[in-house]
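Taking it in order: structure first as structure tokens, then the write-up.
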Amino acid sequence: MPAGIQFTETMRGHFSTAVVDDYANAEARGQRDATTFEFTVTVSSDNLERMLTDSGHQARIDGSISCPTLSPQPMQVTDGVFQLLTTDPTRVNARRMSYAMTGRTQDGKAYRLDGFKVIHNDRQLEIWADTTTLFITVTDLNGPAERVIAKGILHILPADFAHQMTTMKVTNAATPIDGLGALVKFGMFFAGALFETYGGVFVRSNELRIDAPPRTKRPLKMSPPEVTFFNTDDGVTLRLTRYKGGTKGPVMLAPGFGTPTLAYSIDTVETNLPEALFAEGYDVWLFDYRASPDLPSARTQFTLDDIATRDYPAAVAKVREATGAPSVQVMAHCIGSMTFLMAMMAGLQGVRSAISSALTLYPVSPLGNRIRAGLDLGKLLVVGGIETLTTDFDRQRAMDVIMDDILRAFPSKEQCTSAVCRRILGIYGDVYSHDQLNDATHNAMHEMFGVANTRTFNHISLIVRTGHVVDKDGNDVYMPHMDRLAIPITFVHGANNHLFLPEGSLKTLQAVAAVNDATLYGRIVFPDYAHMDCYIGKNAARDIYPTIVAELDRFN
């Protein structure tokens with residue numbers, strides 16, 4: 001028989017049948033009411049190798065539950081399943097330890113306990129708290145339908161943990177040496193998973209090679225895409241991807257700099273923004289302008305003026321031509337947003353209303369970004385012969401590894417094992433909040449970024465130093481024409497945006513409202529969101545998209 005593993009664990013705490021919607025409040029209520037809950041269980045696996053290598057990392061749970069509120073005598077545990085340090089799909093760089101068991105009373109009643117421990121590096125060293133705190137939900141199985149009746153929090157006390165260590169043993173080992181080897185293997189897995197979570201800059205980067213086979217993607221909940229390539233007046237080929245929807249007319253989505261429109265249509269969230277718009281009856285057009293890494297033009301040199309005066313007019317004209325619509329609506333983010341406003345002030349026609357996200361006429365930035373812009377590092381790159389930067393990372397390229405080692409040592413509020421994340425942070429800044437992403441989106445981040453040219457970075461830096469949009473030579477050719485922004489525009493911003501601060505969109509709102517009819521404009525700030533996570537966040541379909549749809553509907 002293969003070697004197995006076994007240990008006994010005791011957890012104690014409080015729960016409440018009066019509070020079933022919040023773990024912490026339930027624990028506090030249970031402490032006041034003296035409603036206790038504890039269990040002593042033995043976790044065992046008859047095949048340690050299978051437990052460690054299988055993605056579910058499952059083992060069996062046997063033991064007893066003591067809860068006077070539910071039963072005067074201890075309940076016998078049946079159908080118990082334990083899962084050791086599985087990947088948490090809802091959070092970045094997080095794992096879970098899960099417990100599921102049924103407690104049966106002597107008079108035949110049954111209650112299911114579902115519990116989990118969250119192992120997550122939130123920039124504080126909380127290994128003990130994470131690995132010894134269990135959030136529990138109790139379900140009554142005795143009625144015609146299952147019913148959640150309680151929540152609470154259990155803990156491993158230091159004395160119980162010391163006893164637990166004495167119960168750990170290997171079963172079915174052929175020899176004492178084999179038993180010791182199996183115990184070491186279990187310890188290496190456990191410690192390795194914790195180190196991967198909490199190890200910070202010492203953890204090895206987790207990206208695959210860029211030539212790795214593509215991941216399996218879910219079908220999008222839209223009609224088949226219709227892809228149109230078209231040229232600007234200077235001969236640059238751009239792309240429009242259409243998801244032909246209902247009768248509400250065309251809405252054109254433009255992403256930020258250095259990202260393709262996949263930043264909107266990524267399949268790693270349950271519903272992305274194009275799918276939400278399509279479901280509401282919109283004819284959705286994704287606009288990849290010349291900065292999109294999906295296009296050859298991203299590797300050429302250009303400025304924001306080219307996007308504003310060449311790309312936007314060509315795209316709006318193409319959408320109107322294809323649909324026969326007299327006007328389009330625009331949803332634009334970051335550089336896509338700023339260049340859209342520049343395009344309007346340069347004379348762009350055919351736009352009925354717009355949503356301008358995060359970056360507007362006044363790029364108010366944190367001190368670090370202002371210092372970077374002041375140093376004008378882009379010009380140094382040009383002098384050094386570097387014309388493009390990329391977020392792509394390949395372990396087999398020595399220069400990529402050296403650069404990652406440098407970026408890994410930089411202090412950051414977002415502790416992450418991803419080399420791509422570090423490159424994004426190094427090139428662009430705080431683009432998203434990890435807390436708003438699920439694990440699948442985080443792992444697919446390399447798909448949503450790519451190459452970017454230094455001349456555009458120089459133009460962005462110039463605008464940051466100036467404090468408002470100017471052309472590539474610093475000339476004030478746009479701001480004198482704010483009267484051309486006399487269309488309904490909603491400015492949206494994440495409250496926690498540390499790339500371009502919310503003050504920038506407020507300043508823009510005040511400026512255009514002073515020139516035009518103030519009732520044309522509105523501004524919405526989304527709590528707890530940063531920058532790009534407004535559109536790729538795991539809960540954006542609940543927190544953000546309904547607002548976007550409602551604002552477009554107002555002027556449909």
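We label chains A, B, ... in the order they appear in the structure tokens, count residues from 1 in each chain, and number ligands from 1 in the order shown.
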Check your understanding: Which polymer residues have any atom within 6 Å of an atom of Ile5 (chain A), counting only C-alpha atoms, with same-chain residues fewer than 6 positions away left out, as a ChimeraX atom specification?
Key -> /A:44-45,48,169-171
Check your understanding: Which neighbours of Met344 (chain A) fall inside 7 Å, counting only C-alpha atoms, when residues of the same chain fewer than 4 positions from it are skipped, and could you give them as a VMD selection string?
Key -> chain A and resid 340 348 484 to 485
Review point. Quick one, how far is CA of Asp234 (chain A) from CA of Asp306 (chain A)?
Key: 9.1 Å
Point to revise | Surrounding residues of Met165 (chain A) excluding itself and chain neighbours under 5 positions, 12 Å, only C-alpha atoms, as a PyMOL selection string | key: chain A and resi 6-10+158-160+183+187
Taking C-alpha atoms for each residue, export the selection above as a PDB file, in the first residue's frame.
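Produced file out_39.pdb, reproduced below:
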```pdb
ATOM      1  CA  GLN A   6      -2.519  11.601   9.277  1.00  0.00           C
ATOM      2  CA  PHE A   7      -2.848  14.324  11.916  1.00  0.00           C
ATOM      3  CA  THR A   8      -5.441  15.456  14.450  1.00  0.00           C
ATOM      4  CA  GLU A   9      -6.623  19.049  14.693  1.00  0.00           C
ATOM      5  CA  THR A  10      -8.734  20.868  17.281  1.00  0.00           C
ATOM      6  CA  PRO A 158      -1.289  27.546  20.663  1.00  0.00           C
ATOM      7  CA  ALA A 159      -1.660  24.587  23.039  1.00  0.00           C
ATOM      8  CA  ASP A 160      -3.870  22.746  20.551  1.00  0.00           C
ATOM      9  CA  LEU A 183       6.847  13.355   6.143  1.00  0.00           C
ATOM     10  CA  GLY A 187       6.349  19.372   4.877  1.00  0.00           C
TER      11      GLY A 187
END
```
Exercise for review: Name the residues in contact with region 105-108 of chain A at a cut-off of 8 Å, using only C-alpha atoms, excluding same-chain residues fewer than 4 positions from it; report them as a PyMOL selection string.
Suggested key: chain A and resi 71+73-76
Check your understanding: Neighbours of Leu506 (chain A) within 10 Å (only C-alpha atoms; same-chain residues fewer than 5 positions away dropped), as a PyMOL selection string?
Key -> chain A and resi 360+362+491-493+501+511+522-525
Could you write those residues out with C-alpha atoms, as a PDB file, in the first residue's frame?
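Writing the result to selection_27.pdb gives the following:
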```
ATOM      1  CA  THR A 360      -8.914  63.405 -19.170  1.00  0.00           C
ATOM      2  CA  TYR A 362      -5.693  67.302 -16.774  1.00  0.00           C
ATOM      3  CA  PHE A 491     -16.361  61.302 -16.541  1.00  0.00           C
ATOM      4  CA  VAL A 492     -15.733  58.126 -14.514  1.00  0.00           C
ATOM      5  CA  HIS A 493     -12.872  57.416 -12.145  1.00  0.00           C
ATOM      6  CA  LEU A 501      -5.697  60.769  -9.509  1.00  0.00           C
ATOM      7  CA  ALA A 511     -13.297  73.360 -16.975  1.00  0.00           C
ATOM      8  CA  GLY A 522     -21.516  64.354 -15.061  1.00  0.00           C
ATOM      9  CA  ARG A 523     -18.880  62.632 -12.976  1.00  0.00           C
ATOM     10  CA  ILE A 524     -18.980  59.282 -11.159  1.00  0.00           C
ATOM     11  CA  VAL A 525     -16.317  57.940  -8.797  1.00  0.00           C
TER      12      VAL A 525
END
```
**Study point:** Polymer residues at most 12 Å from Val236 (chain A), only C-alpha atoms, same-chain spacing of 5 or more positions, as JSON, numbers by chain
**Key:** {"A": [229, 230, 231, 288, 289, 290, 291, 295, 296, 297, 298, 299, 300, 301, 302, 306, 307, 310, 311, 314, 315]}
Point to revise | alpha helix (DSSP H) positions in region 263-319 of chain A, given as a PyMOL selection string | key: chain A and resi 263-265+273-279+304-306+312-319
With C-alpha atoms kept, could you save the residues just selected as a PDB file, in the first residue's frame?
```pdb
ATOM      1  CA  ALA A 263      -8.525  44.470 -22.036  1.00  0.00           C
ATOM      2  CA  TYR A 264     -12.293  44.875 -22.465  1.00  0.00           C
ATOM      3  CA  SER A 265     -13.213  41.464 -23.900  1.00  0.00           C
ATOM      4  CA  LEU A 273     -18.033  44.899 -20.554  1.00  0.00           C
ATOM      5  CA  PRO A 274     -18.713  44.154 -24.258  1.00  0.00           C
ATOM      6  CA  GLU A 275     -20.907  41.220 -23.210  1.00  0.00           C
ATOM      7  CA  ALA A 276     -22.813  43.463 -20.798  1.00  0.00           C
ATOM      8  CA  LEU A 277     -23.380  46.065 -23.516  1.00  0.00           C
ATOM      9  CA  PHE A 278     -24.347  43.414 -26.060  1.00  0.00           C
ATOM     10  CA  ALA A 279     -26.903  41.949 -23.628  1.00  0.00           C
ATOM     11  CA  LEU A 304      -0.870  61.113 -29.120  1.00  0.00           C
ATOM     12  CA  ASP A 305      -1.579  63.683 -31.845  1.00  0.00           C
ATOM     13  CA  ASP A 306      -1.623  60.867 -34.409  1.00  0.00           C
ATOM     14  CA  TYR A 312     -10.297  58.527 -34.153  1.00  0.00           C
ATOM     15  CA  PRO A 313     -11.687  60.307 -37.247  1.00  0.00           C
ATOM     16  CA  ALA A 314     -10.998  57.239 -39.414  1.00  0.00           C
ATOM     17  CA  ALA A 315     -12.615  54.858 -36.898  1.00  0.00           C
ATOM     18  CA  VAL A 316     -15.745  56.933 -36.302  1.00  0.00           C
ATOM     19  CA  ALA A 317     -16.190  57.356 -40.042  1.00  0.00           C
ATOM     20  CA  LYS A 318     -15.809  53.604 -40.614  1.00  0.00           C
ATOM     21  CA  VAL A 319     -18.392  52.723 -37.941  1.00  0.00           C
TER      22      VAL A 319
END
```
Revision key, fill the gap. Pairwise distance, CA of Ala308 (chain A) with CA of Ala495 (chain A), equals 26.8 Å
**Study point:** From A:Met1, A:Met342, A:Val92, A:Ala322, residue lying nearest Asn438 (chain A) [only C-alpha atoms]
**Key:** A:Val92
**Study point:** Atomic distance CA of Leu84 (chain A) - CA of Leu154 (chain A), expressed in Å with one decimal
**Key:** 17.3 Å
Point to revise | Glu280 (chain A) environment, 9 Å, only C-alpha atoms, sequence neighbours closer than 5 positions dropped, as a ChimeraX atom specification | key: /A:245-246,248,275,549
Dump C-alpha atoms for the selected residues as a short mmCIF file (atom, residue, chain, number, x, y, z; two decimals), in the first residue's frame?
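What ended up in again.cif:
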```cif
data_model
loop_
_atom_site.label_atom_id
_atom_site.label_comp_id
_atom_site.auth_asym_id
_atom_site.auth_seq_id
_atom_site.Cartn_x
_atom_site.Cartn_y
_atom_site.Cartn_z
CA GLY A 245 -26.08 43.53 -31.20
CA GLY A 246 -29.55 44.98 -30.87
CA LYS A 248 -29.52 50.72 -29.50
CA GLU A 275 -20.91 41.22 -23.21
CA VAL A 549 -24.91 51.03 -19.45
#
```
Those in region 46-245 of chain A with strand (DSSP E) from DSSP, as a compact mmCIF listing (two decimals) with C-alpha atoms, in the first residue's frame:
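Once everything was written out, this is states-v3.txt:
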```
# COMPACT_ATOMS: atom_id res chain seq x y z
CA GLN A 58 -8.04 16.07 -0.75
CA ALA A 59 -8.00 14.03 2.44
CA ARG A 60 -10.63 12.42 4.68
CA ILE A 61 -12.01 13.96 7.89
CA ASP A 62 -13.24 11.90 10.87
CA GLY A 63 -14.00 13.04 14.41
CA SER A 64 -16.57 14.90 16.48
CA ILE A 65 -18.19 18.33 16.78
CA SER A 66 -19.18 19.90 20.10
CA MET A 75 -21.99 15.10 17.04
CA GLN A 76 -20.29 12.40 15.00
CA VAL A 77 -18.54 13.60 11.84
CA THR A 78 -19.41 11.87 8.57
CA ASP A 79 -18.74 12.63 4.90
CA GLY A 80 -15.74 14.76 5.87
CA VAL A 81 -13.46 16.18 3.16
CA PHE A 82 -10.36 18.32 3.69
CA GLN A 83 -8.51 20.22 0.93
CA LEU A 84 -4.96 21.42 1.55
CA LEU A 85 -3.78 24.76 0.13
CA THR A 86 -5.73 24.80 -3.12
CA THR A 87 -5.53 27.84 -5.39
CA ALA A 94 -4.04 33.30 -2.51
CA ARG A 95 -4.72 29.75 -1.39
CA ARG A 96 -7.38 28.07 0.73
CA MET A 97 -7.63 25.23 3.19
CA SER A 98 -11.19 23.91 3.05
CA TYR A 99 -13.21 21.74 5.42
CA ALA A 100 -16.57 20.11 4.66
CA MET A 101 -18.23 17.68 7.07
CA THR A 102 -21.62 16.58 8.34
CA GLY A 103 -22.29 16.43 12.07
CA ARG A 104 -24.91 13.87 13.12
CA ALA A 110 -27.74 16.40 10.68
CA TYR A 111 -25.90 19.69 10.18
CA ARG A 112 -23.27 20.45 7.54
CA LEU A 113 -20.19 22.47 8.39
CA ASP A 114 -18.38 24.26 5.56
CA GLY A 115 -15.23 26.10 6.53
CA PHE A 116 -12.22 27.72 4.89
CA LYS A 117 -8.93 29.34 5.81
CA VAL A 118 -7.63 32.12 3.54
CA ILE A 119 -3.86 32.08 2.93
CA HIS A 120 -3.11 35.46 1.39
CA THR A 133 -8.39 30.97 11.46
CA LEU A 134 -11.36 29.08 10.03
CA PHE A 135 -14.50 30.81 8.72
CA ILE A 136 -17.48 28.49 9.15
CA THR A 137 -21.01 28.23 7.79
CA VAL A 138 -23.54 25.82 9.32
CA THR A 139 -26.38 24.44 7.22
CA ASP A 140 -29.46 22.65 8.63
CA ARG A 147 -31.00 26.19 5.13
CA VAL A 148 -28.01 28.19 6.34
CA ILE A 149 -28.60 28.76 10.06
CA ALA A 150 -25.30 30.10 11.42
CA LYS A 151 -21.86 31.55 10.76
CA GLY A 152 -18.80 32.00 12.92
CA ILE A 153 -15.01 31.88 13.24
CA LEU A 154 -12.87 29.17 14.85
CA HIS A 155 -9.20 29.31 15.85
CA LYS A 169 2.43 10.62 11.35
CA VAL A 170 2.97 8.68 8.16
CA THR A 171 0.88 5.54 7.66
CA GLU A 226 -16.82 40.80 -37.53
CA VAL A 227 -13.26 42.12 -37.91
CA THR A 228 -12.56 45.13 -40.13
CA PHE A 229 -9.10 46.43 -40.96
CA PHE A 230 -8.91 49.95 -42.37
CA ASN A 231 -6.29 52.62 -43.04
CA THR A 237 -3.72 49.95 -40.57
CA LEU A 238 -6.14 49.89 -37.61
CA ARG A 239 -8.74 47.36 -36.47
CA LEU A 240 -12.40 47.42 -35.51
CA THR A 241 -14.02 44.30 -34.07
CA ARG A 242 -17.80 44.33 -34.20
CA TYR A 243 -20.24 42.30 -32.11
```
